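Student: Next comes query15.pdb, PDB, C-alpha atoms and all ligand atoms:
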ATOM      1  CA  MET M   1      11.369  52.988  -7.036  1.00  0.00           C
ATOM      2  CA  ALA M   2      11.345  49.928  -4.852  1.00  0.00           C
ATOM      3  CA  VAL M   3      12.784  46.853  -6.415  1.00  0.00           C
ATOM      4  CA  VAL M   4      11.769  43.473  -5.070  1.00  0.00           C
ATOM      5  CA  THR M   5      14.681  41.112  -5.375  1.00  0.00           C
ATOM      6  CA  GLU M   6      13.762  37.525  -6.083  1.00  0.00           C
ATOM      7  CA  SER M   7      16.308  35.486  -4.158  1.00  0.00           C
ATOM      8  CA  VAL M   8      14.338  32.247  -4.176  1.00  0.00           C
ATOM      9  CA  GLN M   9      15.532  29.673  -6.678  1.00  0.00           C
ATOM     10  CA  ARG M  10      12.666  28.683  -8.922  1.00  0.00           C
ATOM     11  CA  GLY M  11      12.534  26.051 -11.584  1.00  0.00           C
ATOM     12  CA  LYS M  12      15.909  24.510 -10.703  1.00  0.00           C
ATOM     13  CA  ARG M  13      17.499  22.559  -7.892  1.00  0.00           C
ATOM     14  CA  ALA M  14      20.443  23.521  -5.729  1.00  0.00           C
ATOM     15  CA  LYS M  15      22.160  21.386  -3.108  1.00  0.00           C
ATOM     16  CA  GLN M  16      20.245  21.821   0.155  1.00  0.00           C
ATOM     17  CA  PRO M  17      22.028  22.357   3.496  1.00  0.00           C
ATOM     18  CA  THR M  18      22.231  19.307   5.766  1.00  0.00           C
ATOM     19  CA  TRP M  19      20.014  20.910   8.429  1.00  0.00           C
ATOM     20  CA  VAL M  20      17.212  21.439   5.877  1.00  0.00           C
ATOM     21  CA  TRP M  21      17.322  17.735   5.001  1.00  0.00           C
ATOM     22  CA  LEU M  22      17.222  16.759   8.681  1.00  0.00           C
ATOM     23  CA  MET M  23      14.447  19.235   9.499  1.00  0.00           C
ATOM     24  CA  THR M  24      12.335  17.872   6.644  1.00  0.00           C
ATOM     25  CA  LEU M  25      13.041  14.153   6.991  1.00  0.00           C
ATOM     26  CA  THR M  26      12.391  14.069  10.751  1.00  0.00           C
ATOM     27  CA  SER M  27       8.942  15.678  10.333  1.00  0.00           C
ATOM     28  CA  ASN M  28       5.802  13.498  10.255  1.00  0.00           C
ATOM     29  CA  GLN M  29       7.629  11.201  12.695  1.00  0.00           C
ATOM     30  CA  GLY M  30      10.200  10.326  10.031  1.00  0.00           C
ATOM     31  CA  LEU M  31       7.631   8.798   7.690  1.00  0.00           C
ATOM     32  CA  CYS M  32       6.754   9.630   4.094  1.00  0.00           C
ATOM     33  CA  VAL M  33       3.952  12.202   4.160  1.00  0.00           C
ATOM     34  CA  TYR M  34       2.121  10.466   1.282  1.00  0.00           C
ATOM     35  CA  CYS M  35       2.053   6.747   2.121  1.00  0.00           C
ATOM     36  CA  ALA M  36       2.692   7.262   5.886  1.00  0.00           C
ATOM     37  CA  VAL M  37       4.373   3.854   5.948  1.00  0.00           C
ATOM     38  CA  ALA M  38       7.860   4.068   4.427  1.00  0.00           C
ATOM     39  CA  PRO M  39      10.625   6.124   6.071  1.00  0.00           C
ATOM     40  CA  SER M  40      11.191   9.364   4.186  1.00  0.00           C
ATOM     41  CA  THR M  41      14.494   9.582   2.331  1.00  0.00           C
ATOM     42  CA  THR M  42      13.842  12.320  -0.247  1.00  0.00           C
ATOM     43  CA  LEU M  43      12.847  15.985  -0.240  1.00  0.00           C
ATOM     44  CA  ASP M  44       9.691  16.282  -2.273  1.00  0.00           C
ATOM     45  CA  HIS M  45       9.026  19.682  -3.821  1.00  0.00           C
ATOM     46  CA  GLU M  46       5.350  20.098  -2.946  1.00  0.00           C
ATOM     47  CA  GLU M  47       5.024  22.505  -5.846  1.00  0.00           C
ATOM     48  CA  PRO M  48       7.201  20.777  -8.452  1.00  0.00           C
ATOM     49  CA  VAL M  49      10.444  22.386  -9.590  1.00  0.00           C
ATOM     50  CA  ALA M  50       9.419  21.467 -13.133  1.00  0.00           C
ATOM     51  CA  ASP M  51       6.385  23.729 -12.693  1.00  0.00           C
ATOM     52  CA  ASN M  52       8.537  26.653 -11.483  1.00  0.00           C
ATOM     53  CA  GLY M  53       8.228  25.572  -7.842  1.00  0.00           C
ATOM     54  CA  ALA M  54      10.567  27.087  -5.267  1.00  0.00           C
ATOM     55  CA  ASP M  55      13.707  25.162  -4.387  1.00  0.00           C
ATOM     56  CA  VAL M  56      13.501  26.202  -0.747  1.00  0.00           C
ATOM     57  CA  TRP M  57      12.553  24.635   2.607  1.00  0.00           C
ATOM     58  CA  TRP M  58       8.971  25.879   2.769  1.00  0.00           C
ATOM     59  CA  ASN M  59       8.240  23.981  -0.430  1.00  0.00           C
ATOM     60  CA  PHE M  60       9.638  20.686   0.903  1.00  0.00           C
ATOM     61  CA  LEU M  61       7.800  17.654   2.225  1.00  0.00           C
ATOM     62  CA  PRO M  62       9.334  14.355   3.392  1.00  0.00           C
ATOM     63  CA  ALA M  63       8.724  11.494   0.981  1.00  0.00           C
ATOM     64  CA  CYS M  64       9.906   8.004   0.194  1.00  0.00           C
ATOM     65  CA  LYS M  65      11.412   7.519  -3.259  1.00  0.00           C
ATOM     66  CA  PRO M  66       8.503   5.495  -4.746  1.00  0.00           C
ATOM     67  CA  CYS M  67       5.911   8.102  -3.678  1.00  0.00           C
ATOM     68  CA  ASN M  68       8.076  10.974  -4.867  1.00  0.00           C
ATOM     69  CA  ASP M  69       8.446   9.319  -8.280  1.00  0.00           C
ATOM     70  CA  TRP M  70       4.749   8.478  -8.516  1.00  0.00           C
ATOM     71  CA  LYS M  71       3.678  12.022  -7.599  1.00  0.00           C
ATOM     72  CA  GLY M  72       5.923  13.295 -10.389  1.00  0.00           C
ATOM     73  CA  LYS M  73       5.288  16.760 -11.744  1.00  0.00           C
ATOM     74  CA  ARG M  74       2.133  17.409  -9.736  1.00  0.00           C
ATOM     75  CA  THR M  75       1.388  19.286  -6.530  1.00  0.00           C
ATOM     76  CA  ALA M  76       0.094  17.129  -3.679  1.00  0.00           C
ATOM     77  CA  MET M  77      -3.426  18.476  -4.225  1.00  0.00           C
ATOM     78  CA  GLU M  78      -3.294  17.837  -7.977  1.00  0.00           C
ATOM     79  CA  TRP M  79      -2.296  14.280  -7.190  1.00  0.00           C
ATOM     80  CA  LEU M  80      -5.218  13.940  -4.780  1.00  0.00           C
ATOM     81  CA  ILE M  81      -7.655  15.307  -7.371  1.00  0.00           C
ATOM     82  CA  ASP M  82      -6.273  12.859  -9.959  1.00  0.00           C
ATOM     83  CA  GLN M  83      -6.826  10.046  -7.466  1.00  0.00           C
ATOM     84  CA  LYS M  84     -10.417  11.088  -6.772  1.00  0.00           C
ATOM     85  CA  LEU M  85     -11.140  11.175 -10.505  1.00  0.00           C
ATOM     86  CA  HIS M  86      -9.316   7.886 -10.993  1.00  0.00           C
ATOM     87  CA  ARG M  87     -11.504   6.250  -8.333  1.00  0.00           C
ATOM     88  CA  GLU M  88     -14.650   7.434 -10.098  1.00  0.00           C
ATOM     89  CA  GLN M  89     -13.458   6.775 -13.645  1.00  0.00           C
ATOM     90  CA  PRO M  90     -10.705   4.152 -13.487  1.00  0.00           C
ATOM     91  CA  THR M  91     -10.817   3.460 -17.203  1.00  0.00           C
ATOM     92  CA  VAL M  92     -10.082   7.066 -18.219  1.00  0.00           C
ATOM     93  CA  GLY M  93      -6.623   6.880 -16.631  1.00  0.00           C
ATOM     94  CA  PHE M  94      -6.361  10.013 -14.530  1.00  0.00           C
ATOM     95  CA  ASP M  95      -3.532   8.284 -12.695  1.00  0.00           C
ATOM     96  CA  THR M  96      -1.351   5.260 -13.343  1.00  0.00           C
ATOM     97  CA  ARG M  97      -2.858   3.287 -10.474  1.00  0.00           C
ATOM     98  CA  ARG M  98      -5.152   3.516  -7.507  1.00  0.00           C
ATOM     99  CA  MET M  99      -3.793   4.559  -4.106  1.00  0.00           C
ATOM    100  CA  PRO M 100      -4.278   2.008  -1.326  1.00  0.00           C
ATOM    101  CA  LEU M 101      -7.092   3.138   0.967  1.00  0.00           C
ATOM    102  CA  ARG M 102      -4.813   3.696   3.971  1.00  0.00           C
ATOM    103  CA  MET M 103      -2.762   6.082   1.824  1.00  0.00           C
ATOM    104  CA  PHE M 104      -5.772   7.874   0.320  1.00  0.00           C
ATOM    105  CA  HIS M 105      -7.393   8.250   3.731  1.00  0.00           C
ATOM    106  CA  GLY M 106      -6.192  11.370   5.565  1.00  0.00           C
ATOM    107  CA  PHE M 107      -3.883  12.326   2.689  1.00  0.00           C
ATOM    108  CA  GLU M 108      -4.801  16.012   2.742  1.00  0.00           C
ATOM    109  CA  GLU M 109      -4.606  16.254   6.559  1.00  0.00           C
ATOM    110  CA  ARG M 110      -1.146  14.638   6.620  1.00  0.00           C
ATOM    111  CA  VAL M 111       0.138  17.045   4.006  1.00  0.00           C
ATOM    112  CA  SER M 112      -1.173  20.163   5.739  1.00  0.00           C
ATOM    113  CA  ARG M 113      -0.101  19.003   9.208  1.00  0.00           C
ATOM    114  CA  THR M 114       3.414  18.173   8.015  1.00  0.00           C
ATOM    115  CA  ARG M 115       3.644  21.440   6.122  1.00  0.00           C
ATOM    116  CA  ARG M 116       2.748  23.307   9.352  1.00  0.00           C
ATOM    117  CA  GLU M 117       5.329  21.288  11.267  1.00  0.00           C
ATOM    118  CA  ILE M 118       8.087  22.177   8.787  1.00  0.00           C
ATOM    119  CA  ARG M 119       7.114  25.848   8.757  1.00  0.00           C
ATOM    120  CA  GLU M 120       7.206  26.152  12.559  1.00  0.00           C
ATOM    121  CA  ALA M 121       9.878  28.785  13.263  1.00  0.00           C
ATOM    122  CA  SER M 122      11.120  27.473  16.624  1.00  0.00           C
ATOM    123  CA  ARG M 123      11.556  23.973  15.217  1.00  0.00           C
ATOM    124  CA  ARG M 124      13.380  25.298  12.173  1.00  0.00           C
ATOM    125  CA  ASP M 125      15.700  27.409  14.349  1.00  0.00           C
ATOM    126  CA  TRP M 126      16.517  24.378  16.476  1.00  0.00           C
ATOM    127  CA  PHE M 127      17.684  22.400  13.435  1.00  0.00           C
ATOM    128  CA  ARG M 128      19.629  25.364  12.084  1.00  0.00           C
ATOM    129  CA  HIS M 129      21.310  25.952  15.460  1.00  0.00           C
ATOM    130  CA  HIS M 130      22.177  22.307  16.026  1.00  0.00           C
ATOM    131  CA  TYR M 131      23.066  21.189  12.508  1.00  0.00           C
ATOM    132  CA  GLY M 132      23.826  24.438  10.651  1.00  0.00           C
ATOM    133  CA  ASP M 133      27.569  23.724  10.789  1.00  0.00           C
ATOM    134  CA  VAL M 134      27.524  20.238   9.300  1.00  0.00           C
ATOM    135  CA  HIS M 135      27.759  19.719   5.563  1.00  0.00           C
ATOM    136  CA  HIS M 136      27.193  16.355   3.934  1.00  0.00           C
ATOM    137  CA  LYS M 137      29.222  15.413   0.867  1.00  0.00           C
ATOM    138  CA  ASN M 138      26.744  12.890  -0.501  1.00  0.00           C
ATOM    139  CA  LYS M 139      23.413  11.225   0.207  1.00  0.00           C
ATOM    140  CA  ALA M 140      24.965   8.396   2.233  1.00  0.00           C
ATOM    141  CA  GLU M 141      26.629  10.887   4.545  1.00  0.00           C
ATOM    142  CA  MET M 142      23.368  12.833   4.906  1.00  0.00           C
ATOM    143  CA  LEU M 143      21.614   9.592   5.932  1.00  0.00           C
ATOM    144  CA  GLU M 144      24.299   9.070   8.596  1.00  0.00           C
ATOM    145  CA  TYR M 145      23.600  12.556   9.966  1.00  0.00           C
ATOM    146  CA  LEU M 146      19.889  11.734   9.871  1.00  0.00           C
ATOM    147  CA  GLN M 147      20.506   8.620  11.937  1.00  0.00           C
ATOM    148  CA  ALA M 148      22.535  10.638  14.466  1.00  0.00           C
ATOM    149  CA  CYS M 149      19.878  13.356  14.559  1.00  0.00           C
ATOM    150  CA  ARG M 150      17.098  10.819  15.217  1.00  0.00           C
ATOM    151  CA  GLY M 151      19.232   9.377  18.008  1.00  0.00           C
ATOM    152  CA  GLU M 152      19.728  12.821  19.508  1.00  0.00           C
ATOM    153  CA  LEU M 153      16.021  13.633  19.365  1.00  0.00           C
ATOM    154  CA  SER M 154      15.005  10.334  20.936  1.00  0.00           C
ATOM    155  CA  GLY M 155      17.389  11.178  23.793  1.00  0.00           C
ATOM    156  CA  TYR M 156      15.234  14.127  24.845  1.00  0.00           C
ATOM    157  CA  PRO M 157      12.217  13.385  27.011  1.00  0.00           C
ATOM    158  CA  HIS M 158      10.446  16.220  25.141  1.00  0.00           C
ATOM    159  CA  LEU M 159      10.763  18.110  21.869  1.00  0.00           C
ATOM    160  CA  PRO M 160      13.519  20.620  22.702  1.00  0.00           C
ATOM    161  CA  TRP M 161      12.162  23.420  20.486  1.00  0.00           C
ATOM    162  CA  THR M 162       8.862  23.437  22.394  1.00  0.00           C
ATOM    163  CA  THR M 163      10.557  24.601  25.616  1.00  0.00           C
ATOM    164  CA  PRO M 164      10.968  28.350  26.214  1.00  0.00           C
ATOM    165  CA  ASN M 165      14.132  30.326  25.565  1.00  0.00           C
ATOM    166  CA  VAL M 166      16.111  31.028  28.751  1.00  0.00           C
ATOM    167  CA  TYR M 167      17.401  34.230  27.227  1.00  0.00           C
ATOM    168  CA  VAL M 168      17.506  35.696  23.771  1.00  0.00           C
ATOM    169  CA  SER M 169      21.015  35.452  22.462  1.00  0.00           C
ATOM    170  CA  ALA M 170      22.453  37.928  20.016  1.00  0.00           C
ATOM    171  CA  ALA M 171      24.416  35.048  18.520  1.00  0.00           C
ATOM    172  CA  ALA M 172      22.301  32.596  16.578  1.00  0.00           C
ATOM    173  CA  ILE M 173      22.601  29.745  19.066  1.00  0.00           C
ATOM    174  CA  CYS M 174      20.140  27.471  20.799  1.00  0.00           C
ATOM    175  CA  THR M 175      19.069  28.854  24.200  1.00  0.00           C
ATOM    176  CA  ARG M 176      16.097  26.544  24.757  1.00  0.00           C
ATOM    177  CA  ARG M 177      15.516  25.939  28.442  1.00  0.00           C
ATOM    178  CA  MET M 178      15.548  22.148  28.296  1.00  0.00           C
ATOM    179  CA  CYS M 179      18.252  21.937  25.662  1.00  0.00           C
ATOM    180  CA  CYS M 180      21.435  24.047  25.329  1.00  0.00           C
ATOM    181  CA  GLY M 181      19.959  26.821  27.517  1.00  0.00           C
ATOM    182  CA  TYR M 182      19.910  24.376  30.432  1.00  0.00           C
ATOM    183  CA  TRP M 183      23.512  25.307  31.228  1.00  0.00           C
ATOM    184  CA  HIS M 184      22.825  29.008  31.464  1.00  0.00           C
ATOM    185  CA  PRO M 185      22.832  30.505  35.025  1.00  0.00           C
ATOM    186  CA  GLN M 186      19.296  31.822  34.453  1.00  0.00           C
ATOM    187  CA  ALA M 187      18.089  28.249  33.959  1.00  0.00           C
ATOM    188  CA  ARG M 188      18.912  27.311  37.582  1.00  0.00           C
ATOM    189  CA  ASN M 189      15.381  28.022  38.734  1.00  0.00           C
ATOM    190  CA  LEU M 190      14.292  25.227  36.439  1.00  0.00           C
ATOM    191  CA  ASN M 191      11.302  23.524  37.991  1.00  0.00           C
ATOM    192  CA  ALA M 192      10.111  21.251  35.267  1.00  0.00           C
ATOM    193  CA  VAL M 193       8.141  18.058  34.988  1.00  0.00           C
ATOM    194  CA  ILE M 194      10.161  15.765  32.752  1.00  0.00           C
ATOM    195  CA  LEU M 195       8.194  13.058  31.010  1.00  0.00           C
ATOM    196  CA  THR M 196       9.585   9.572  30.578  1.00  0.00           C
ATOM    197  CA  ASP M 197      10.022   8.295  27.004  1.00  0.00           C
ATOM    198  CA  ASP M 198       6.850   6.210  27.311  1.00  0.00           C
ATOM    199  CA  GLN M 199       4.823   9.117  28.669  1.00  0.00           C
ATOM    200  CA  HIS M 200       6.064  11.378  25.932  1.00  0.00           C
ATOM    201  CA  MET M 201       5.303   8.739  23.285  1.00  0.00           C
ATOM    202  CA  ALA M 202       1.766   8.379  24.629  1.00  0.00           C
ATOM    203  CA  PHE M 203       1.351  12.172  24.634  1.00  0.00           C
ATOM    204  CA  SER M 204       2.650  12.387  21.031  1.00  0.00           C
ATOM    205  CA  LYS M 205       0.213   9.685  19.934  1.00  0.00           C
ATOM    206  CA  VAL M 206      -2.751  11.545  21.397  1.00  0.00           C
ATOM    207  CA  ALA M 207      -1.649  14.794  19.711  1.00  0.00           C
ATOM    208  CA  PHE M 208      -1.193  12.913  16.438  1.00  0.00           C
ATOM    209  CA  SER M 209      -4.639  11.301  16.588  1.00  0.00           C
ATOM    210  CA  GLU M 210      -6.254  14.627  17.560  1.00  0.00           C
ATOM    211  CA  GLY M 211      -4.473  16.286  14.639  1.00  0.00           C
ATOM    212  CA  VAL M 212      -2.978  19.056  16.783  1.00  0.00           C
ATOM    213  CA  SER M 213       0.552  20.027  17.722  1.00  0.00           C
ATOM    214  CA  GLU M 214       1.895  18.908  21.089  1.00  0.00           C
ATOM    215  CA  GLY M 215       1.961  22.552  22.191  1.00  0.00           C
ATOM    216  CA  ASP M 216      -1.729  22.958  21.348  1.00  0.00           C
ATOM    217  CA  LEU M 217      -2.587  19.732  23.152  1.00  0.00           C
ATOM    218  CA  ALA M 218      -0.695  20.922  26.252  1.00  0.00           C
ATOM    219  CA  ALA M 219      -2.627  24.209  26.095  1.00  0.00           C
ATOM    220  CA  LYS M 220      -5.924  22.258  25.879  1.00  0.00           C
ATOM    221  CA  LEU M 221      -4.968  20.257  28.959  1.00  0.00           C
ATOM    222  CA  ILE M 222      -4.016  23.398  30.876  1.00  0.00           C
ATOM    223  CA  VAL M 223      -7.362  24.994  30.028  1.00  0.00           C
ATOM    224  CA  ALA M 224      -9.226  21.819  31.069  1.00  0.00           C
ATOM    225  CA  TYR M 225      -7.244  21.738  34.306  1.00  0.00           C
ATOM    226  CA  LEU M 226      -8.022  25.349  35.148  1.00  0.00           C
ATOM    227  CA  MET M 227     -11.710  24.858  34.284  1.00  0.00           C
ATOM    228  CA  SER M 228     -12.025  21.648  36.263  1.00  0.00           C
ATOM    229  CA  GLY M 229     -12.649  23.505  39.513  1.00  0.00           C
ATOM    230  CA  GLU M 230      -9.950  21.531  41.272  1.00  0.00           C
ATOM    231  CA  ARG M 231      -7.743  24.505  41.226  1.00  0.00           C
ATOM    232  CA  LYS M 232      -8.566  28.202  41.198  1.00  0.00           C
ATOM    233  CA  ILE M 233      -6.038  30.667  39.843  1.00  0.00           C
ATOM    234  CA  GLY M 234      -4.175  32.401  42.652  1.00  0.00           C
ATOM    235  CA  GLN M 235      -4.738  29.710  45.256  1.00  0.00           C
TER     236      GLN M 235
HETATM  237 ZN    ZN J 301       5.745   6.962   0.508  1.00  0.00          ZN
HETATM  238 ZN    ZN J 302      19.981  23.156  21.943  1.00  0.00          ZN
END
Kindly return the structure encoded in the file as structure tokens.
Ligand SMILES: [Zn+2]
Ligand SMILES: [Zn+2]
Tutor:
Amino acid sequence: MAVVTESVQRGKRAKQPTWVWLMTLTSNQGLCVYCAVAPSTTLDHEEPVADNGADVWWNFLPACKPCNDWKGKRTAMEWLIDQKLHREQPTVGFDTRRMPLRMFHGFEERVSRTRREIREASRRDWFRHHYGDVHHKNKAEMLEYLQACRGELSGYPHLPWTTPNVYVSAAAICTRRMCCGYWHPQARNLNAVILTDDQHMAFSKVAFSEGVSEGDLAAKLIVAYLMSGERKIGQ
């Protein structure tokens, strides 16, 4: 008889690896997924631990401390429903207070977009490969690693995990073409367009406002380019 082993921690919290913190807190451009204004400094359990939620990366969202505390023992969608009811019936007290409009607006989209970002396998692997060996002793040390990680990421003219693998390594190491894989002999035929910081920022902003990933936006542009008639495949 097959036995399914439940290895996911539910209903309690364990100390999370440093790379999981960094992967989560750098998503949504480093901002709290709920208010979209304050920098994120906490891992919010989207499905609360108190409600038997999983204590594992796919249940995490980046949040600032005030939002995390306010959300409390609710899922993000339960919080949103409470807010909708609170707006209609403020006297009944579905929530303790009313969300500012800029926070309420796009709430659901931010949550689902950030959840997709965190669950993206190539992004996750990049953080594991680059920060899997570091272990923070306390929150202050984790925030120092976060600072260093943000610095490293801003040093790339692109998001390193969006570039292809030069080769597939048996060892669990980063072999991304425009990251660690750059040094591999097979990467010598590199013929890449490298965006400046400003160009990349502008590109990111468009992707953000369109609500798509940068990869999807690039694909859209490629399709538009091929359809434009300026270039026919094979010419
Ligand atoms: Zn917040
Ligand atoms: Zn790398």
Student: So that I can see what lies close to segment 137-145 of chain M, please list as a list in words the residues with an atom at most 8 Å from it, counting all atoms listed in the file and leaving out residues fewer than 3 positions away in the same chain.
Tutor: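 The filter keeps Thr18, Trp21, Leu22, Thr41, Ala148 and Cys149 of chain M.
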Student: Measuring between all atoms listed in the file, which one of M:Arg119, M:Arg74, M:His129, M:His136 shows the shortest distance to Asn59 of chain M?
Tutor: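 Checking each candidate against Asn59 of chain M, we get M:Arg119 as the closest.
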Student: Expand the PyMOL selection byres (((not hetatm)) within 9 of (chain J and resi 302)) into the explicit residue set it covers here, and present it as a list of chain:residue names.
Tutor: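 The output of the PyMOL selection byres (((not hetatm)) within 9 of (chain J and resi 302)) on this file is M:Trp126, M:Phe127, M:His129, M:His130, M:Pro160, M:Trp161, M:Ile173, M:Cys174, M:Thr175, M:Arg176, M:Arg177, M:Met178, M:Cys179, M:Cys180, M:Gly181, M:Tyr182.
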Student: Residues of chain M within 6 Å of ligand ZN 301 (chain J): nearest atom pair and distance (Å, one decimal) for each, counting all atoms listed in the file, sorted by chain and number, as a Markdown table?
Tutor:
| residue | atom | partner | partner_atom | distance |
| --- | --- | --- | --- | --- |
| M:Cys32 | CA | J:ZN301 | ZN | 4.6 |
| M:Tyr34 | CA | J:ZN301 | ZN | 5.1 |
| M:Cys35 | CA | J:ZN301 | ZN | 4.0 |
| M:Ala38 | CA | J:ZN301 | ZN | 5.3 |
| M:Ala63 | CA | J:ZN301 | ZN | 5.4 |
| M:Cys64 | CA | J:ZN301 | ZN | 4.3 |
| M:Cys67 | CA | J:ZN301 | ZN | 4.3 |
Student: Using only the atoms of segment 84-96 of chain M listed in the file, plus 4 Å on each side, state the axis-aligned box centre and edge lengths in Å rounded to one decimal, as lines of an AutoDock Vina configuration file.
Tutor:
center_x = -8.0
center_y = 7.3
center_z = -12.5
size_x = 21.3
size_y = 15.7
size_z = 19.4
Student: With 12 Å as the threshold, what does the neighbourhood of (7.7, 18.2, 2.1) contain in terms of residues, counting all atoms listed in the file? Coordinates are those of the file; answer as a ChimeraX atom specification.
Tutor: /M:20-28,30-34,40-48,54-64,67-68,75-76,110-119
Student: How would you write, as JSON, numbers by chain, the residues chosen by the PyMOL selection byres (((chain M and resi 203) around 12) and not hetatm) on this structure?
Tutor: {"M": [157, 158, 159, 195, 196, 197, 198, 199, 200, 201, 202, 204, 205, 206, 207, 208, 209, 210, 212, 213, 214, 215, 216, 217, 218, 221]}
